Structure formats: C-alpha cells, structure tokens
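Asks: Provided herewith: data_17.csv, CSV, C-alpha atoms.
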```csv
chain,number,residue,atom,x,y,z
H,1,MET,CA,82.8,13.6,1.0
H,2,GLU,CA,86.4,13.6,-0.3
H,3,VAL,CA,87.7,13.3,3.3
H,4,LEU,CA,85.7,10.1,3.7
H,5,ILE,CA,87.1,8.6,0.5
H,6,ILE,CA,90.7,9.5,1.4
H,7,LEU,CA,90.2,8.2,4.9
H,8,THR,CA,88.8,4.9,3.6
H,9,PHE,CA,91.8,4.4,1.4
H,10,ILE,CA,94.3,5.2,4.2
H,11,ALA,CA,92.4,2.8,6.5
H,12,ILE,CA,92.5,0.0,3.9
H,13,ALA,CA,96.2,0.5,3.1
H,14,TYR,CA,97.1,0.6,6.8
H,15,SER,CA,94.9,-2.4,7.6
H,16,TRP,CA,96.4,-4.4,4.7
H,17,PHE,CA,99.9,-3.6,5.9
H,18,VAL,CA,99.1,-4.9,9.3
H,19,ASP,CA,97.0,-8.0,8.5
H,20,LYS,CA,95.9,-9.0,5.1
H,21,GLU,CA,93.5,-11.7,6.2
H,22,LYS,CA,91.7,-9.4,8.6
H,23,THR,CA,91.5,-6.7,5.9
H,24,LYS,CA,89.9,-9.1,3.5
H,25,GLN,CA,87.4,-10.1,6.1
H,26,GLY,CA,86.6,-6.5,6.9
H,27,LEU,CA,86.3,-5.5,3.2
H,28,SER,CA,83.9,-8.3,2.4
H,29,ALA,CA,81.8,-7.7,5.5
H,30,GLY,CA,81.5,-4.0,4.4
H,31,VAL,CA,80.6,-4.9,0.8
H,32,ILE,CA,78.0,-7.4,1.9
H,33,MET,CA,76.4,-5.0,4.3
H,34,PHE,CA,76.2,-2.4,1.5
H,35,LEU,CA,74.7,-4.8,-1.0
H,36,ASN,CA,72.1,-6.0,1.5
H,37,ILE,CA,70.9,-2.5,2.2
H,38,LEU,CA,71.1,-1.3,-1.4
H,39,PRO,CA,67.6,-2.4,-2.5
H,40,THR,CA,65.9,-0.6,0.4
H,41,ILE,CA,68.0,2.5,-0.3
H,42,LEU,CA,67.1,2.4,-4.0
H,43,VAL,CA,63.4,2.3,-3.0
H,44,VAL,CA,63.8,5.3,-0.7
H,45,ILE,CA,65.6,7.3,-3.4
H,46,VAL,CA,62.8,6.5,-5.9
H,47,LEU,CA,60.2,7.6,-3.3
H,48,ILE,CA,62.0,10.8,-2.5
H,49,SER,CA,62.6,11.6,-6.2
H,50,VAL,CA,58.9,11.2,-7.0
H,51,ILE,CA,57.6,13.0,-4.0
H,52,LEU,CA,60.0,15.9,-4.5
H,53,TYR,CA,58.8,16.3,-8.0
H,54,PHE,CA,55.2,16.9,-6.9
H,55,LEU,CA,56.2,18.8,-3.8
H,56,PRO,CA,59.4,20.8,-4.4
H,57,ASN,CA,61.4,21.9,-1.3
H,58,GLU,CA,60.5,25.6,-1.8
H,59,THR,CA,56.8,24.9,-1.8
H,60,ILE,CA,57.0,22.7,1.2
H,61,VAL,CA,59.0,25.1,3.3
H,62,HIS,CA,56.9,28.1,2.4
H,63,SER,CA,53.7,26.2,3.3
H,64,PHE,CA,54.2,26.8,7.0
H,65,GLY,CA,55.8,30.3,6.6
H,66,LYS,CA,52.6,32.1,7.2
H,67,SER,CA,50.9,30.2,9.9
H,68,ALA,CA,51.3,31.4,13.5
H,69,GLY,CA,50.9,30.1,17.0
H,70,PHE,CA,51.0,26.4,18.0
H,71,PHE,CA,49.6,25.4,14.7
H,72,GLY,CA,52.6,27.0,13.0
H,73,TYR,CA,54.9,24.9,15.3
H,74,LEU,CA,53.0,21.7,14.4
H,75,LEU,CA,53.0,22.4,10.7
H,76,ALA,CA,56.8,23.1,10.8
H,77,ALA,CA,57.3,19.9,12.7
H,78,VAL,CA,55.3,17.8,10.2
H,79,VAL,CA,56.9,19.3,7.2
H,80,GLY,CA,60.4,18.8,8.7
H,81,ALA,CA,59.6,15.2,9.6
H,82,ILE,CA,58.4,14.3,6.1
H,83,ALA,CA,60.9,16.4,4.0
H,84,LEU,CA,64.3,14.9,3.2
H,85,ILE,CA,66.4,18.0,2.5
H,86,PRO,CA,70.1,17.8,2.8
H,87,GLY,CA,71.6,20.4,5.3
H,88,PHE,CA,73.3,22.4,2.6
H,89,ILE,CA,70.0,23.1,1.0
H,90,ALA,CA,67.9,23.3,4.2
H,91,TYR,CA,69.9,26.0,5.9
H,92,PRO,CA,69.8,28.6,3.1
H,93,LEU,CA,66.0,27.8,2.9
H,94,ALA,CA,65.7,28.4,6.6
H,95,GLY,CA,67.6,31.6,6.2
H,96,THR,CA,65.1,32.8,3.6
H,97,LEU,CA,62.3,31.9,6.0
H,98,LEU,CA,63.8,34.0,8.8
H,99,SER,CA,64.2,37.0,6.5
H,100,ASN,CA,60.6,36.5,5.4
H,101,GLY,CA,59.5,37.0,9.0
H,102,VAL,CA,59.1,33.4,10.2
H,103,SER,CA,60.1,33.3,13.9
H,104,TYR,CA,63.2,31.6,15.2
H,105,PRO,CA,61.3,29.0,17.3
H,106,VAL,CA,59.4,27.8,14.2
H,107,VAL,CA,62.6,27.6,12.2
H,108,ALA,CA,64.1,25.6,15.1
H,109,VAL,CA,61.3,23.1,15.1
H,110,PHE,CA,61.6,22.7,11.4
H,111,ILE,CA,65.3,22.2,11.5
H,112,SER,CA,65.0,19.8,14.4
H,113,THR,CA,62.5,17.4,12.9
H,114,LEU,CA,64.2,17.7,9.5
H,115,LEU,CA,67.4,16.4,11.1
H,116,MET,CA,66.1,14.0,13.6
H,117,VAL,CA,62.8,12.6,12.3
H,118,GLY,CA,62.7,10.7,9.0
H,119,VAL,CA,59.3,9.5,7.8
H,120,ILE,CA,60.5,8.7,4.3
H,121,THR,CA,63.6,6.8,5.6
H,122,LEU,CA,61.4,4.9,8.0
H,123,PRO,CA,61.5,1.6,6.0
H,124,LEU,CA,65.3,1.8,6.2
H,125,GLU,CA,65.4,2.5,9.9
H,126,ALA,CA,62.9,-0.3,10.5
H,127,LYS,CA,65.2,-2.7,8.8
H,128,TYR,CA,67.8,-2.0,11.5
H,129,PHE,CA,65.7,-1.4,14.6
H,130,GLY,CA,62.4,-3.1,13.8
H,131,LEU,CA,59.3,-1.0,13.0
H,132,LYS,CA,58.1,-0.5,16.5
H,133,VAL,CA,61.4,0.9,17.9
H,134,ALA,CA,61.8,3.0,14.8
H,135,LEU,CA,58.3,4.5,15.3
H,136,ILE,CA,58.9,5.2,19.0
H,137,ARG,CA,62.2,6.9,18.3
H,138,ASN,CA,60.7,9.1,15.6
H,139,SER,CA,57.7,10.0,17.7
H,140,LEU,CA,59.9,10.9,20.7
H,141,TYR,CA,62.1,13.1,18.5
H,142,PHE,CA,59.0,14.7,17.0
H,143,ILE,CA,57.8,15.7,20.4
H,144,GLY,CA,61.3,16.7,21.4
H,145,ALA,CA,61.6,19.0,18.4
H,146,ILE,CA,58.5,20.9,19.4
H,147,ILE,CA,59.8,21.2,23.0
H,148,ILE,CA,63.1,22.6,21.6
H,149,GLY,CA,61.1,25.2,19.6
H,150,LEU,CA,59.0,26.2,22.7
H,151,ILE,CA,62.2,26.6,24.8
H,152,ILE,CA,63.8,28.7,22.1
H,153,GLY,CA,60.7,30.8,22.0
H,154,LEU,CA,61.0,31.5,25.7
H,155,ILE,CA,64.6,32.6,25.4
H,156,MET,CA,65.0,34.3,22.1
B,1,MET,CA,70.9,-15.1,-4.0
B,2,LYS,CA,67.4,-16.6,-3.8
B,3,GLY,CA,67.0,-15.4,-0.2
B,4,PHE,CA,68.2,-12.0,-1.3
B,5,LEU,CA,65.5,-11.7,-4.1
B,6,GLU,CA,62.8,-13.1,-1.8
B,7,LYS,CA,63.6,-10.6,1.0
B,8,ASN,CA,63.7,-7.6,-1.3
B,9,LYS,CA,60.8,-8.6,-3.6
B,10,TRP,CA,58.9,-5.3,-3.1
B,11,GLY,CA,61.9,-3.2,-3.3
B,12,LEU,CA,63.0,-4.7,-6.6
B,13,ILE,CA,59.5,-4.5,-8.0
B,14,ILE,CA,59.3,-0.8,-7.2
B,15,PHE,CA,62.8,-0.1,-8.5
B,16,ILE,CA,62.2,-2.0,-11.8
B,17,ALA,CA,58.9,-0.2,-12.3
B,18,PHE,CA,60.7,3.1,-11.8
B,19,VAL,CA,63.4,2.2,-14.3
B,20,ALA,CA,60.8,1.1,-16.8
B,21,PHE,CA,58.8,4.4,-16.3
B,22,THR,CA,62.0,6.4,-16.7
B,23,ILE,CA,63.0,4.7,-19.9
B,24,ALA,CA,59.4,5.1,-21.2
B,25,SER,CA,59.5,8.8,-20.3
B,26,PHE,CA,62.6,9.3,-22.4
B,27,ILE,CA,61.2,7.4,-25.3
B,28,LEU,CA,57.7,9.0,-25.2
B,29,ASN,CA,59.1,12.3,-24.1
B,30,ILE,CA,57.1,12.5,-20.8
B,31,GLN,CA,58.4,15.6,-19.1
B,32,ALA,CA,57.5,14.5,-15.5
B,33,GLY,CA,59.4,11.3,-15.8
B,34,LYS,CA,62.4,13.0,-17.3
B,35,ASP,CA,62.4,15.6,-14.6
B,36,ILE,CA,62.1,13.1,-11.7
B,37,TYR,CA,65.1,11.3,-13.1
B,38,LYS,CA,67.3,14.2,-14.0
B,39,LYS,CA,66.5,16.7,-11.3
B,40,ASN,CA,66.0,14.4,-8.3
B,41,PHE,CA,67.0,10.8,-8.8
B,42,VAL,CA,70.5,11.4,-10.2
B,43,LEU,CA,71.2,13.9,-7.5
B,44,PHE,CA,70.3,11.6,-4.6
B,45,ILE,CA,71.9,8.5,-6.1
B,46,ARG,CA,75.1,10.3,-6.6
B,47,GLU,CA,75.2,11.5,-3.0
B,48,MET,CA,74.4,8.0,-1.8
B,49,LEU,CA,76.9,6.1,-4.0
B,50,PHE,CA,79.8,8.4,-3.3
B,51,PHE,CA,79.2,8.1,0.4
B,52,LEU,CA,77.7,4.8,1.5
B,53,PRO,CA,80.2,2.2,0.0
B,54,PHE,CA,83.1,3.9,1.7
B,55,MET,CA,81.2,4.2,4.9
B,56,PHE,CA,80.3,0.5,4.9
B,57,ILE,CA,83.9,-0.4,4.1
B,58,LEU,CA,85.1,1.6,7.1
B,59,ILE,CA,82.4,-0.1,9.3
B,60,GLY,CA,83.6,-3.5,8.0
B,61,LEU,CA,87.2,-2.7,8.9
B,62,ALA,CA,86.2,-1.3,12.3
B,63,ASP,CA,84.3,-4.5,12.9
B,64,VAL,CA,87.4,-6.7,12.5
B,65,TRP,CA,89.8,-4.3,14.3
B,66,ILE,CA,87.9,-2.9,17.3
B,67,SER,CA,87.8,-5.3,20.2
B,68,LYS,CA,84.5,-6.0,21.9
B,69,ASP,CA,86.0,-5.9,25.3
B,70,LYS,CA,87.3,-2.4,24.9
B,71,VAL,CA,84.0,-1.1,23.6
B,72,GLU,CA,82.0,-2.8,26.3
B,73,LYS,CA,84.2,-1.5,29.1
B,74,ASN,CA,84.2,2.1,27.8
B,75,ILE,CA,80.7,2.7,26.3
B,76,GLY,CA,78.8,-0.5,27.3
B,77,GLU,CA,76.3,-1.1,30.0
B,78,GLY,CA,77.6,0.3,33.3
B,79,SER,CA,80.0,2.7,31.6
B,80,ASN,CA,80.1,6.2,33.0
B,81,ILE,CA,79.6,9.7,31.8
B,82,LYS,CA,83.1,9.6,30.1
B,83,GLY,CA,81.7,7.0,27.7
B,84,THR,CA,78.8,9.2,26.9
B,85,VAL,CA,81.0,12.2,26.3
B,86,PHE,CA,83.1,10.1,24.0
B,87,VAL,CA,80.1,8.9,22.0
B,88,ILE,CA,78.9,12.5,21.6
B,89,LEU,CA,82.3,13.7,20.4
B,90,LEU,CA,82.6,10.8,18.0
B,91,SER,CA,79.2,11.6,16.5
B,92,MET,CA,80.1,15.3,16.2
B,93,LEU,CA,83.1,14.5,14.1
B,94,GLN,CA,81.1,12.8,11.4
B,95,ALA,CA,79.1,13.8,8.4
B,96,GLY,CA,76.3,12.4,6.4
B,97,PRO,CA,72.5,12.1,6.4
B,98,LEU,CA,70.5,10.6,9.3
B,99,TYR,CA,70.1,7.2,7.7
B,100,SER,CA,73.9,6.7,7.6
B,101,ALA,CA,73.9,6.6,11.4
B,102,PHE,CA,71.9,3.3,11.4
B,103,PRO,CA,74.7,1.0,10.2
B,104,VAL,CA,77.1,2.6,12.6
B,105,ALA,CA,74.5,2.0,15.3
B,106,TYR,CA,74.5,-1.7,14.3
B,107,LEU,CA,78.3,-1.9,14.7
B,108,LEU,CA,78.1,-0.1,18.1
B,109,TRP,CA,75.4,-2.5,19.3
B,110,LYS,CA,77.4,-5.6,18.0
B,111,LYS,CA,80.4,-4.5,20.0
B,112,GLY,CA,78.5,-4.1,23.2
B,113,THR,CA,77.6,-0.4,23.4
B,114,SER,CA,74.8,0.3,25.9
B,115,VAL,CA,71.3,1.1,24.6
B,116,ARG,CA,71.6,4.6,26.1
B,117,ASN,CA,74.8,5.4,24.3
B,118,ILE,CA,73.5,4.0,21.0
B,119,PHE,CA,70.5,6.4,21.1
B,120,ILE,CA,72.7,9.3,22.2
B,121,TYR,CA,74.9,8.6,19.3
B,122,ILE,CA,72.0,8.7,16.8
B,123,GLY,CA,70.6,11.9,18.3
B,124,ALA,CA,74.0,13.7,18.5
B,125,PHE,CA,74.9,12.5,15.0
B,126,SER,CA,71.7,13.8,13.5
B,127,THR,CA,71.8,17.3,14.9
B,128,LEU,CA,75.2,18.2,16.4
B,129,LYS,CA,77.7,17.2,13.6
B,130,LEU,CA,80.3,19.9,13.4
B,131,PRO,CA,80.3,20.3,9.6
B,132,LEU,CA,76.5,20.9,9.8
B,133,LEU,CA,76.8,23.3,12.7
B,134,MET,CA,79.3,25.4,10.7
B,135,PHE,CA,76.8,25.6,8.0
B,136,GLU,CA,74.0,26.5,10.4
B,137,ILE,CA,76.1,29.3,12.0
B,138,GLY,CA,76.7,30.7,8.6
B,139,PHE,CA,73.1,30.9,7.6
B,140,LEU,CA,71.2,31.3,10.9
B,141,GLY,CA,73.7,33.0,13.1
B,142,TRP,CA,75.9,31.6,16.0
B,143,LYS,CA,73.5,32.7,18.7
B,144,PHE,CA,70.6,30.6,17.3
B,145,SER,CA,72.9,27.7,16.5
B,146,ILE,CA,74.6,27.5,19.9
B,147,LEU,CA,71.3,27.9,21.7
B,148,ARG,CA,69.6,25.2,19.6
B,149,SER,CA,72.5,22.8,20.3
B,150,LEU,CA,72.5,23.5,24.0
B,151,ILE,CA,68.8,22.8,24.2
B,152,THR,CA,68.9,19.8,22.0
B,153,LEU,CA,71.6,18.0,23.9
B,154,PRO,CA,69.7,17.4,27.1
B,155,ILE,CA,66.6,16.4,25.0
B,156,ILE,CA,68.7,13.8,23.1
B,157,ILE,CA,70.0,12.4,26.5
B,158,LEU,CA,66.4,12.4,27.9
B,159,ILE,CA,65.1,10.5,24.8
B,160,ALA,CA,68.0,8.0,25.1
B,161,LEU,CA,67.1,7.4,28.7
B,162,ILE,CA,63.5,6.8,27.8
B,163,MET,CA,64.5,4.3,25.1
B,164,GLU,CA,66.8,2.6,27.5
B,165,ARG,CA,64.0,2.3,30.1
B,166,TYR,CA,61.6,1.1,27.4
B,167,LEU,CA,63.9,-1.5,25.9
B,168,LYS,CA,65.1,-2.9,29.3
B,169,ASN,CA,64.6,-6.7,29.4
B,170,LYS,CA,63.2,-6.6,25.9
B,171,ASN,CA,66.3,-8.2,24.3
B,172,PHE,CA,66.8,-5.2,22.0
B,173,GLU,CA,68.6,-6.1,18.8
B,174,ILE,CA,69.9,-4.1,15.9
B,175,ASN,CA,69.7,-6.2,12.7
B,176,ASN,CA,72.5,-6.6,10.3
B,177,VAL,CA,70.3,-6.1,7.2
```
Please, can you express the file's structure as structure tokens?
Replies:
Amino acid sequence: MEVLIILTFIAIAYSWFVDKEKTKQGLSAGVIMFLNILPTILVVIVLISVILYFLPNETIVHSFGKSAGFFGYLLAAVVGAIALIPGFIAYPLAGTLLSNGVSYPVVAVFISTLLMVGVITLPLEAKYFGLKVALIRNSLYFIGAIIIGLIIGLIM
Amino acid sequence: MKGFLEKNKWGLIIFIAFVAFTIASFILNIQAGKDIYKKNFVLFIREMLFFLPFMFILIGLADVWISKDKVEKNIGEGSNIKGTVFVILLSMLQAGPLYSAFPVAYLLWKKGTSVRNIFIYIGAFSTLKLPLLMFEIGFLGWKFSILRSLITLPIIILIALIMERYLKNKNFEINNV
C-alpha cells in the first residue's frame, strides 16, 4: 500500500518535471475515472459489508470443511466464488482448514475461486467488460478452479 | 453531472439507504447496523480509498505517457510469446484485489493490447502476484504454492485463448466507466 502511494508521488513529480500539460491531462483523466467508478464501488462495499455481517468469513469457510468427495470440491468452489476475503485473511483461514484435516485439493479450489471468480464484484466487472463477457470469464475460471483442484489431488 | 446521476441512480439509492440505516442504527442503538458499519464497512472503505485513487492516477499518467504504437507492437495482436511473458511478469509485480485489475485492463485494451494478453493479465494478476504468493508460501507451504501456480498458469492461458476465440470478430470493447 505505502509503496503504491510513494510510487504515485514519484511518478507525478517526474511527469510534472518533464511535461506539465501532459501531467495535468493524466491527473484529470485518473481522477475522472475514479469518480465515475466510485458509485459502483460504494454499492459493492455496502453489499459486502451487509453480507459479511450475516455470514462471517469463519462460518463460510468452515461450512465446506467437513464435506468430502466431488461435493466438497463444488462447495469450496461456490464459497470461494461468492466470498470476498482479502488474501491476508484468506491464507491464515486456509491454513486452519488444512490443520483441521481439509485436503490440499479442496483448499486449492477454494483459494482459486476466491482469487479468480468474483460474484459480488460482478456489477463492477460488468461495467468494464459488459455482463455477458464478465459472466463467461467468471464461469470459465470457476471450471478452471475445479480442474486445478483435481490436478493437485492427482499429484499431492 | 445530470448524466452521472442518471447513470448511477440505483447505486446512489442503495448507498443513501445504507447511510440512512447506519445513522438510524447509531441513534436507535441497533447493534446490527452499528456492527455492519464499524466491523465491515469502515475496513473495506479504508482499503479501497487508500488504494484506488492512487492506482487511477497512475493509470491516467500511463495513459498520456505510454505510446500506443509501442504497446501494439509488443503485446498487441500478432505479438509473440515474449509479449505474453512480459504481461505475466507485469501482473506478478502488482498488488491489490481482483477488481483493481479491470481499470488496468481498460488501459491495456485502449493502447492496443491483444484480447489474449488482456485476459492473461487478469488471470495472472488475480492468482500469481508475488506479494500474495509470499503470503501463500508462509501459510500453506512452498510445495503447495508452487504446484498451484504451475498448474494455474496453463489454465489461465487456456482460458485466455478461449476468450480470444469467442470474442473474435465481435468488436470486443472494454468500457471506460
């Protein structure tokens, strides 16, 4: 986070030094893009906040801890696709799952959909790509995540 | 301004309803409303506001400084494997949640990046970021982490190829929202 902020200021300073006009253009383009997406982002945050209250991360993750077989894979995939857990919380949770006896492949499926599929952020993605393309991308990654789990199951 | 309000009507209604509910919760002492605000909303909004404005400013600057010709030549349609490797390395050096890849994807598209490389970027960004991998290794072990990355990479490329095939001749566009 801090790196990004420092990098941004260095970039602005350097750009300003080279060409003031271009820098102004770039800055205003960036600010406008941010303001345009802000309402959608606020809605997504509101949705996440409310959903997380009724379904806390721990509850969600432990919900698929006990199921086995292909159903376990599918449940892990669905939970990962819907949940929006930042990596720094997700990995410790996944670590707990492993020590509770959940298999590596199931954890791999969960981590994969968590990172690559975003159901809650779909409205945001659809704004950029259009709803159809966003749905196709997410579906493909959903299937891909299960394949990743199956392959890891064969190897580990 | 009017267009802005029109376009985001539902978003603003939901947000205003949430604000009203939160204020009411604090006045009437509704625990659920207070918790949703304090435990969840503040956390996410902070992450978002410390991150996104800077990222968009960098995108804006990249937009005025990076030439379309160069991007097209190196990672555009007809670019080779070197371009794809570059895109993967670029995505690995970043940080941030999945949704922060979309505005970057817009910039890549605008500058003439090929559909395949755009989707490879999104895939690699979402799962192969180095800061994230470090974290993963710490909690799940290097063996799992490396194996998962090695299996994920070809799947990312495969999905990008499917998207490229599907979007061919469809005038695919990424919107500047």
Asks: Go through range 49-143 of chain H residue by residue and, counting all atoms listed in the file, keep those with an atom at most 10 Å from range 15-39 of chain B; for each kept residue give the shortest atom pair and its distance in Å to one decimal, ordered by chain and increasing number, as JSON lines.
Replies:
```
{"residue": "H:Ser49", "atom": "CA", "partner": "B:Ile36", "partner_atom": "CA", "distance": 5.7}
{"residue": "H:Val50", "atom": "CA", "partner": "B:Ile36", "partner_atom": "CA", "distance": 6.0}
{"residue": "H:Ile51", "atom": "CA", "partner": "B:Ile36", "partner_atom": "CA", "distance": 8.9}
{"residue": "H:Leu52", "atom": "CA", "partner": "B:Ile36", "partner_atom": "CA", "distance": 8.0}
{"residue": "H:Tyr53", "atom": "CA", "partner": "B:Ile36", "partner_atom": "CA", "distance": 5.9}
{"residue": "H:Phe54", "atom": "CA", "partner": "B:Ala32", "partner_atom": "CA", "distance": 9.2}
```
Asks: For a test of reading the model, state the distance in Å between CA of Pro56 in chain H and CA of Ile137 in chain B, rounded to one decimal.
Replies: 24.9 Å
Asks: Here is a test: counting only C-alpha atoms, which residue of B:Ile146, B:Leu140, B:Ile159, B:Ile88 is nearest to Ala124 in chain B?
Replies: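 Closest candidate: B:Ile88.
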Asks: Work out how far CA of Glu47 in chain B is from CA of Leu140 in chain H, in Å to one decimal.
Replies: 28.2 Å
Asks: With a cut-off of 6 Å and counting all atoms listed in the file, select all residues of chain B in contact with chain H and give the selection as a ChimeraX atom specification.
Replies: /B:11,36,40-41,56-57,60-61,64,126-127,139-140,174-175,177
Asks: Can you measure CA of Trp109 in chain B to CA of Ala95 in chain B for me? One decimal in Å is fine.
Replies: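 Pair CA of Trp109 in chain B / CA of Ala95 in chain B returns 20.0 Å.
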Asks: Point out the residue among H:Lys20, H:Asn138, H:Ile60, H:Phe110 with the least atom-to-atom distance to Gly80 in chain H, counting only C-alpha atoms.
Replies: H:Phe110
Asks: Can you tell me, as a JSON list (two decimals) with C-alpha atoms, in the frame of the given file, what residues are no more than 9 Å from Leu153 in chain B when counting all atoms listed in the file, ignoring any on the same chain fewer than 6 positions away?
Replies:
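That gives us part24.json:
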```json
[["chain", "number", "residue", "atom", "x", "y", "z"],
["B", 120, "ILE", "CA", 72.70, 9.30, 22.20],
["B", 123, "GLY", "CA", 70.60, 11.90, 18.30],
["B", 124, "ALA", "CA", 74.00, 13.70, 18.50],
["B", 128, "LEU", "CA", 75.20, 18.20, 16.40]]
```
